[in-house]
Every structure is written in C-alpha cells, then in structure tokens.
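Shown next: work-v3.txt, containing compact mmCIF, C-alpha atoms.
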# COMPACT_ATOMS: atom_id res chain seq x y z
CA MET A 1 7.51 -18.55 -15.41
CA LYS A 2 3.99 -19.16 -16.73
CA LYS A 3 2.63 -18.63 -13.23
CA LEU A 4 4.41 -15.31 -12.91
CA GLU A 5 3.19 -14.16 -16.32
CA ASP A 6 -0.40 -15.05 -15.36
CA LYS A 7 0.01 -13.17 -12.09
CA ILE A 8 1.21 -10.04 -13.89
CA ILE A 9 -1.57 -10.18 -16.49
CA LYS A 10 -4.18 -10.72 -13.79
CA LYS A 11 -2.89 -7.70 -11.88
CA ILE A 12 -2.95 -5.56 -15.00
CA TYR A 13 -6.54 -6.60 -15.75
CA ARG A 14 -7.66 -5.92 -12.19
CA MET A 15 -6.03 -2.50 -12.25
CA GLU A 16 -7.48 -1.66 -15.65
CA ALA A 17 -10.97 -2.88 -14.70
CA LYS A 18 -10.97 -0.58 -11.65
CA LYS A 19 -9.67 2.35 -13.71
CA THR A 20 -12.21 1.84 -16.49
CA ILE A 21 -15.17 1.51 -14.10
CA ARG A 22 -14.04 4.64 -12.25
CA GLN A 23 -13.67 6.52 -15.55
CA ILE A 24 -17.10 5.47 -16.84
CA ILE A 25 -18.86 6.33 -13.58
CA SER A 26 -17.14 9.70 -13.16
CA GLU A 27 -17.66 10.79 -16.76
CA THR A 28 -21.30 9.69 -16.80
CA LEU A 29 -22.03 11.41 -13.49
CA LEU A 30 -20.37 14.60 -14.65
CA ILE A 31 -22.32 14.65 -17.92
CA ILE A 32 -25.63 13.93 -16.14
CA THR A 33 -24.98 16.62 -13.52
CA ILE A 34 -24.07 19.25 -16.08
CA THR A 35 -27.07 18.31 -18.26
CA LEU A 36 -29.38 18.71 -15.25
CA PHE A 37 -27.85 22.10 -14.51
CA VAL A 38 -28.32 23.14 -18.13
CA VAL A 39 -31.98 22.07 -18.08
CA PHE A 40 -32.54 23.86 -14.77
CA ILE A 41 -30.96 27.12 -15.90
CA PHE A 42 -32.76 26.93 -19.23
CA THR A 43 -36.16 26.57 -17.51
CA VAL A 44 -35.32 29.51 -15.24
CA ILE A 45 -34.44 31.67 -18.26
CA VAL A 46 -37.68 30.64 -20.03
CA GLU A 47 -39.62 31.48 -16.86
CA VAL A 48 -37.99 34.92 -16.65
CA LEU A 49 -38.70 35.60 -20.33
CA ASN A 50 -42.29 34.47 -19.89
CA ASP A 51 -42.76 36.84 -16.95
CA GLN A 52 -41.35 39.70 -19.04
CA ALA A 53 -43.62 38.65 -21.95
CA SER A 54 -40.51 38.66 -24.12
CA PHE A 55 -41.84 35.88 -26.31
CA ASP A 56 -44.47 38.29 -27.59
CA LEU A 57 -41.69 39.86 -29.62
CA PHE A 58 -41.94 36.88 -31.93
CA ASP A 59 -45.66 37.16 -32.56
CA PHE A 60 -44.86 38.74 -35.92
CA LEU A 61 -43.70 35.31 -37.10
CA ARG A 62 -47.36 34.44 -37.71
CA ASP A 63 -47.63 37.31 -40.24
CA ASP A 64 -46.63 37.50 -43.90
CA PHE A 65 -43.12 36.88 -45.10
CA GLU A 66 -42.56 40.58 -45.88
CA ILE A 67 -43.41 41.59 -42.30
CA ILE A 68 -41.19 38.83 -40.92
CA LYS A 69 -38.35 39.99 -43.16
CA ALA A 70 -38.74 43.58 -42.01
CA ASN A 71 -38.97 42.89 -38.28
CA PHE A 72 -36.85 39.80 -37.71
CA PHE A 73 -33.53 41.52 -37.08
CA ASN A 74 -34.84 44.29 -34.82
CA ASN A 75 -37.06 42.02 -32.77
CA SER A 76 -34.32 39.46 -32.36
CA LEU A 77 -31.96 42.15 -31.07
CA LEU A 78 -34.62 43.31 -28.63
CA PHE A 79 -35.17 39.75 -27.48
CA ILE A 80 -31.43 39.28 -26.85
CA GLN A 81 -31.37 42.51 -24.84
CA GLU A 82 -34.16 41.20 -22.67
CA LEU A 83 -32.34 37.97 -21.84
CA PRO A 84 -31.17 37.67 -18.21
CA LEU A 85 -27.45 38.07 -18.98
CA PRO A 86 -25.74 36.39 -15.98
CA LEU A 87 -27.90 33.28 -16.37
CA THR A 88 -27.33 33.25 -20.13
CA TYR A 89 -23.57 33.39 -19.65
CA ILE A 90 -23.73 30.52 -17.16
CA LEU A 91 -25.89 28.53 -19.57
CA ILE A 92 -23.48 29.11 -22.47
CA SER A 93 -20.47 28.15 -20.33
CA LEU A 94 -22.19 24.98 -19.14
CA LEU A 95 -23.19 24.10 -22.69
CA LEU A 96 -19.62 24.54 -23.88
CA LEU A 97 -18.39 22.36 -21.02
CA LEU A 98 -20.99 19.74 -21.86
CA VAL A 99 -20.03 19.73 -25.53
CA TRP A 100 -16.35 19.38 -24.58
CA LEU A 101 -17.13 16.49 -22.20
CA LEU A 102 -19.27 14.76 -24.81
CA TYR A 103 -16.49 15.19 -27.36
CA ILE A 104 -13.99 13.54 -24.98
CA PHE A 105 -16.48 10.79 -24.19
CA ILE A 106 -17.13 10.07 -27.88
CA LYS A 107 -13.39 10.25 -28.65
CA ASN A 108 -12.62 7.73 -25.90
CA PHE A 109 -15.65 5.59 -26.59
CA ASN A 110 -13.85 3.14 -28.85
CA ASN A 111 -10.99 2.85 -26.38
CA ILE A 112 -13.33 2.18 -23.45
CA LYS A 113 -15.37 -0.30 -25.51
CA ASN A 114 -12.19 -2.25 -26.42
CA LYS A 115 -11.11 -2.26 -22.79
CA ILE A 116 -14.48 -3.60 -21.65
CA VAL A 117 -14.39 -6.31 -24.33
CA SER A 118 -10.83 -7.33 -23.29
CA ILE A 119 -11.74 -7.39 -19.59
CA TYR A 120 -14.93 -9.35 -20.30
CA LYS A 121 -13.04 -11.89 -22.42
CA PHE A 122 -10.35 -12.27 -19.74
CA TRP A 123 -12.75 -12.89 -16.85
CA LEU A 124 -14.87 -15.21 -18.97
CA LYS A 125 -12.10 -17.61 -19.99
CA MET B 1 -0.61 -12.67 -32.00
CA ALA B 2 2.77 -14.40 -32.46
CA GLU B 3 3.62 -12.39 -35.61
CA LEU B 4 2.90 -9.09 -33.91
CA SER B 5 5.63 -6.46 -33.57
CA ASP B 6 6.18 -4.51 -30.35
CA LYS B 7 5.09 -1.31 -32.06
CA GLU B 8 1.79 -2.82 -33.18
CA ALA B 9 1.19 -4.27 -29.73
CA ILE B 10 1.77 -0.86 -28.10
CA ILE B 11 -0.62 0.83 -30.53
CA ARG B 12 -3.29 -1.79 -29.87
CA ILE B 13 -2.88 -1.54 -26.09
CA ARG B 14 -3.25 2.23 -26.33
CA ASN B 15 -6.39 1.63 -28.31
CA GLY B 16 -7.82 -0.28 -25.34
CA GLU B 17 -7.06 -3.82 -26.48
CA ILE B 18 -5.30 -4.72 -23.26
CA ASP B 19 -5.15 -8.43 -24.08
CA TYR B 20 -2.13 -7.53 -26.27
CA TYR B 21 -0.19 -6.69 -23.13
CA SER B 22 0.13 -10.41 -22.47
CA TYR B 23 2.23 -10.56 -25.66
CA ILE B 24 4.72 -8.09 -24.16
CA VAL B 25 4.65 -9.82 -20.78
CA LYS B 26 5.33 -13.22 -22.35
CA LYS B 27 8.09 -11.84 -24.56
CA TYR B 28 10.12 -10.07 -21.88
CA THR B 29 9.35 -11.75 -18.54
CA THR B 30 12.07 -14.40 -18.80
CA SER B 31 14.93 -12.00 -19.58
CA ILE B 32 13.83 -9.50 -16.93
CA TYR B 33 13.31 -12.22 -14.35
CA ARG B 34 16.77 -13.71 -14.97
CA PHE B 35 18.40 -10.29 -14.72
CA ILE B 36 16.66 -9.46 -11.45
CA GLU B 37 17.19 -12.93 -9.99
CA ARG B 38 20.95 -12.65 -10.56
CA LYS B 39 20.97 -9.42 -8.56
CA LEU B 40 18.73 -10.58 -5.71
CA PHE B 41 19.09 -14.36 -5.31
CA LYS B 42 15.64 -14.45 -3.74
CA LYS B 43 12.90 -15.92 -5.89
CA GLU B 44 9.92 -14.35 -4.10
CA GLU B 45 11.35 -10.84 -4.18
CA ALA B 46 12.35 -11.21 -7.82
CA ASP B 47 8.74 -12.16 -8.58
CA ASP B 48 7.48 -8.98 -6.91
CA LEU B 49 9.99 -6.78 -8.67
CA VAL B 50 9.18 -8.27 -12.09
CA GLN B 51 5.49 -7.59 -11.41
CA ASN B 52 6.28 -3.99 -10.43
CA VAL B 53 8.31 -3.51 -13.60
CA PHE B 54 5.47 -4.61 -15.86
CA ILE B 55 2.87 -2.62 -13.94
CA SER B 56 5.05 0.51 -14.15
CA PHE B 57 5.51 -0.04 -17.87
CA TYR B 58 1.77 -0.46 -18.36
CA LYS B 59 1.12 2.79 -16.50
CA ALA B 60 3.70 4.57 -18.67
CA ILE B 61 2.52 3.09 -21.96
CA GLU B 62 0.57 6.22 -22.93
CA LYS B 63 3.76 8.28 -22.77
CA PHE B 64 5.97 5.64 -24.36
CA ASP B 65 7.28 6.40 -27.85
CA GLU B 66 6.35 3.31 -29.85
CA LYS B 67 9.13 4.00 -32.38
CA LYS B 68 11.69 3.21 -29.70
CA PRO B 69 12.46 -0.37 -28.64
CA ILE B 70 10.74 -1.66 -25.50
CA LYS B 71 13.61 -3.61 -23.97
CA PRO B 72 15.90 -0.68 -22.99
CA TYR B 73 12.90 1.12 -21.51
CA LEU B 74 11.93 -1.96 -19.51
CA PHE B 75 15.49 -2.34 -18.23
CA GLN B 76 15.51 1.30 -17.21
CA ILE B 77 12.44 0.56 -15.09
CA VAL B 78 14.23 -2.52 -13.72
CA GLN B 79 17.17 -0.32 -12.70
CA ASN B 80 14.84 2.09 -10.92
CA GLU B 81 13.00 -0.74 -9.17
CA LEU B 82 16.29 -2.27 -8.04
CA LYS B 83 17.48 1.11 -6.78
CA MET B 84 14.29 1.48 -4.74
CA TYR B 85 14.59 -2.09 -3.50
CA PHE B 86 18.15 -1.64 -2.27
CA ARG B 87 17.33 1.76 -0.82
CA SER B 88 14.62 0.14 1.31
CA PHE B 89 17.35 -1.91 2.99
CA LYS B 90 19.44 1.10 3.83
CA LYS B 91 19.28 1.69 7.51
CA ASP B 92 17.52 4.90 8.37
CA GLN B 93 19.35 6.93 10.91
CA PRO B 94 16.66 8.04 13.29
CA LEU B 95 17.05 11.61 14.36
CA ASP B 96 15.69 11.18 17.83
CA GLU B 97 16.25 12.85 21.14
CA GLN B 98 19.53 11.03 21.68
CA ILE B 99 21.16 12.84 18.82
CA ILE B 100 23.11 15.22 21.02
CA SER B 101 24.10 12.47 23.43
CA GLU B 102 27.24 11.95 21.36
CA ILE B 103 28.45 15.14 22.95
CA LYS B 104 28.51 14.65 26.68
CA GLN B 105 26.49 17.20 28.63
CA GLU B 106 29.36 17.88 31.05
CA ASP B 107 31.66 18.67 28.11
CA LEU B 108 29.38 21.43 26.94
CA LYS B 109 30.75 24.87 27.71
CA ILE B 110 28.90 28.18 27.58
CA GLU B 111 31.43 29.52 25.04
CA ASP B 112 30.62 26.64 22.74
CA LEU B 113 26.94 27.41 22.87
CA LYS B 114 27.73 30.98 21.78
CA SER B 115 28.58 29.67 18.33
CA LEU B 116 24.92 28.64 17.98
CA ASN B 117 22.23 31.10 17.07
CA ASN B 118 19.48 32.04 19.52
CA LEU B 119 16.96 29.51 18.25
CA GLU B 120 19.45 26.65 18.25
CA ARG B 121 20.56 27.55 21.77
CA GLU B 122 16.96 27.64 22.99
CA VAL B 123 16.20 24.28 21.38
CA PHE B 124 19.29 22.67 22.95
CA LYS B 125 18.37 24.16 26.31
CA HIS B 126 14.92 22.60 26.11
CA ILE B 127 16.37 19.24 25.07
CA GLY B 128 18.66 19.46 28.10
CA GLU B 129 15.59 20.05 30.26
CA GLY B 130 14.06 16.85 28.95
CA TYR B 131 11.57 18.15 26.41
CA SER B 132 10.85 15.96 23.40
CA TYR B 133 11.22 17.29 19.86
CA GLU B 134 7.46 17.30 19.44
CA GLU B 135 6.98 19.35 22.60
CA ILE B 136 9.67 21.79 21.49
CA GLY B 137 7.98 22.04 18.09
CA LYS B 138 4.72 22.97 19.81
CA LEU B 139 6.46 25.48 22.07
CA PHE B 140 8.20 27.25 19.19
CA LYS B 141 5.23 26.76 16.84
CA LYS B 142 7.41 25.02 14.29
CA PRO B 143 6.98 21.65 12.55
CA LEU B 144 8.81 18.62 13.92
CA ASN B 145 11.08 18.38 10.88
CA THR B 146 12.21 21.99 11.34
CA ILE B 147 13.19 21.25 14.93
CA LYS B 148 15.11 18.18 13.74
CA SER B 149 16.92 20.32 11.17
CA ILE B 150 17.78 22.94 13.80
CA VAL B 151 19.19 20.23 16.07
CA ARG B 152 21.16 18.70 13.22
CA ARG B 153 22.68 22.06 12.27
CA GLY B 154 23.51 22.89 15.88
CA ARG B 155 25.01 19.47 16.41
CA LEU B 156 27.25 19.87 13.37
CA LYS B 157 28.44 23.26 14.62
CA LEU B 158 29.28 21.80 18.04
CA LYS B 159 30.98 18.83 16.46
CA LYS B 160 33.25 21.12 14.45
CA ILE B 161 34.26 22.95 17.62
CA TYR B 162 35.04 19.68 19.42
CA GLU B 163 37.03 18.40 16.49
CA LYS B 164 39.18 21.57 16.57
CA THR B 165 39.90 21.23 20.30
Structure re-expressed in structure tokens:
Amino acid sequence: MKKLEDKIIKKIYRMEAKKTIRQIISETLLIITITLFVVFIFTVIVEVLNDQASFDLFDFLRDDFEIIKANFFNNSLLFIQELPLPLTYILISLLLLLVWLLYIFIKNFNNIKNKIVSIYKFWLK
Amino acid sequence: MAELSDKEAIIRIRNGEIDYYSYIVKKYTTSIYRFIERKLFKKEEADDLVQNVFISFYKAIEKFDEKKPIKPYLFQIVQNELKMYFRSFKKDQPLDEQIISEIKQEDLKIEDLKSLNNLEREVFKHIGEGYSYEEIGKLFKKPLNTIKSIVRRGRLKLKKIYEKT
C-alpha cells in the first residue's frame, strides 16, 4: 500500500509541477508583453504630442502660483483635447488589463510560492 | 500532520501546500483500494483506478466544499471510475459496410425501398454498388457519422417491414 501511496503522491507532484511552471511562464510572458505594448504606445503618444508642441501648454507651470491657478484647468482641458484619442484609449485599456493581471499575480503569489516550496521539498528528500 | 482534520488539509492544499495531499492519500487509499479490488479482482488495474481517483479528486479540490466530508465524494469518483472501466470492456458494435448484410440483397424488393426517403434510398443504392461509407460521404458532401446514421435509420425501417412480413 505504501508503494501505491508514493506512486499517487509522485504523480500529483509531477502534475502540479508542470501546471505551476506553465502558469508562471504564461503569466510572466503576458505581463511582459503587455508592459512592452504599454511602453511602445506611450512613446508613440509622447512623440505625437511633441510634434504638435502640446507640451508647450504646460509652460505656464514655471510662472507664479496665481498664474498656474488661473490657467491650470483650461490648459489641461486643451491638452486632453490634443491627445491622440484612439491611441489613448488603447493605452488605457492595456493599462487596465495590466493592473488586473498584476492583481491576479499578486493574489496568487502566496499560493504559487507555497506550491514551489512543496515541490522543492518533495524533490529534495 | 497526524492531528490535522480533512477540512484543514483541504484549505492548506488550496493554499498551495500540496504536501498536505499526502495526508488525504494516506488516510483513504486503503479503504478505496479494498473497495475497488473487491470489484475487479485484478491488482494492477485496481492500482491504476485508485491513482485515477486521487488525481481526479486533486483536480476537483478547488470546487470541493470543505464543509462536506471527503469520503462520500471520493467514493462518488470511485463509482464514476468503475463505470468508465466497465464501459471500456463493452464491445463496440462497429457500424461498418456489412450492416445491411443482415438483410439479404435478393430479399430486397422495390416496394420495400419506397418506405425509405430519397437520401436513404440513394445511400443504400451506393452501398449495393460497392461504395464505402467514406466514399458515399464524399459524394453526398456529408460527414461519415451522418451517413452511418442514415444507414442505421434505413436499416431499422427495413427491419420493421421484414418483421411484419
């Protein structure tokens, strides 16, 4: 009976090790890919805004507090209007997806860590 | 680990501490093995089935309600595994080209074929000409299983007629 029990436990560990490795690799790859996309789209948006000289709208920030107070709202609205909208929507969606993925990853982190420790202990003994 | 309850073990396993699964395996293997062995009388196959039971339970552990006892759930899996095991021994009745051979070709009358619909009649005609089911499927642009179903239905209709006469 001991032999059978060992066989079952070994199978469970093998199965779990494969599953955990697959999960870690897929989640990490997904997060890296989305982060790269976010960085890429962000640089494109910055480039577009630079070409439009949209950042000049914030030159007033170097002035006195009163001027900043008076112009901040209007200039910010203008800046938002000058943003390339389709790219901004894509960037926001990707950011939301990234945050959601990171949340899942952090939520499962303890679980994955425990699994790795168990698997490591099992193969070491 | 000896003082652990099933509920605690399940919670810990869900939390990723899979070494606690060995507690469940050690606790229930003997009873499950004896139950399966009595039904099968073959040691090697009992071993495989016990392994399948525990693997299935491990896969279902996320969905398992830890407030409920483990044993009835495990025995439900045992029942399913045994069902599948015995089903694998059931002889499959192949639905091959010889399926209409039960009805002799010379006994077939044109009136009998009238009880079949057009498609069934065409399929039977092609079978009579020596076409295989796959070839007929390609000719009629229908999947193999559909042709098999058509033949089965047609065969049942003809059988009814022959039983009446």
- Item | Test item: residues at most 12 Å from A:Gln52, all atoms listed in the file, excluding those fewer than 2 positions along its chain, as an MDAnalysis selection string | chainID A and resid 45:50 54:57 79 81:84
- Item | Selection: 12 Å around B:Lys63, all atoms listed in the file, excl. self and same-chain fewer than 6 positions, as a list in words |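 Once the adjacent positions are removed, what remains is Ile10, Ile11, Arg14, Ser56, Phe57 and Tyr73 of chain B.
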- Item | Test item: chain A residues at most 8 Å from chain B, counting only C-alpha atoms, as a list in words |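 Output check: Met1, Leu4, Glu5, Lys7, Ile8, Ile9, Lys11, Ile12, Tyr13, Asn110, Asn111, Ile112, Lys113, Asn114, Lys115, Ser118, Ile119 and Phe122 of chain A.
Pairwise distance (atom CA of B:Arg155, atom CA of B:Phe89) equals 26.4 Å.
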- Query: How many Å lie between atom CA of B:Leu82 and atom CA of B:Lys42, rounded to one decimal?
  - Reply: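 Taking atom CA of B:Leu82 and atom CA of B:Lys42, their separation equals 12.9 Å.
What separates atom CA of B:Val123 from atom CA of B:Gly154 is a distance of 9.3 Å.
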Using the file's own x, y and z axes, what box holds all listed atoms of stretch 62-73 of chain A with 8 Å on each side, keeping edges along x, y and z, and what are its centre and edge lengths in Å to one decimal, as AutoDock Vina command-line options?
--center_x -40.6 --center_y 39.0 --center_z -41.5 --size_x 30.1 --size_y 25.1 --size_z 24.8
- Message: Residues near stretch 90-98 of chain A, anyone? I mean within 10 Å using only C-alpha atoms, not counting same-chain ones fewer than 3 positions away, as a ChimeraX atom specification.
- Response: /A:30-35,37-42,45,85-87,101-104
- Message: Need to verify the contact set: B:His126, 10 Å, all atoms listed in the file, exclusion of same-chain residues closer than 5 positions in sequence. Can you return it as JSON, numbers by chain?
- Response: {"B": [120, 121, 131, 132, 133, 135, 136, 139]}
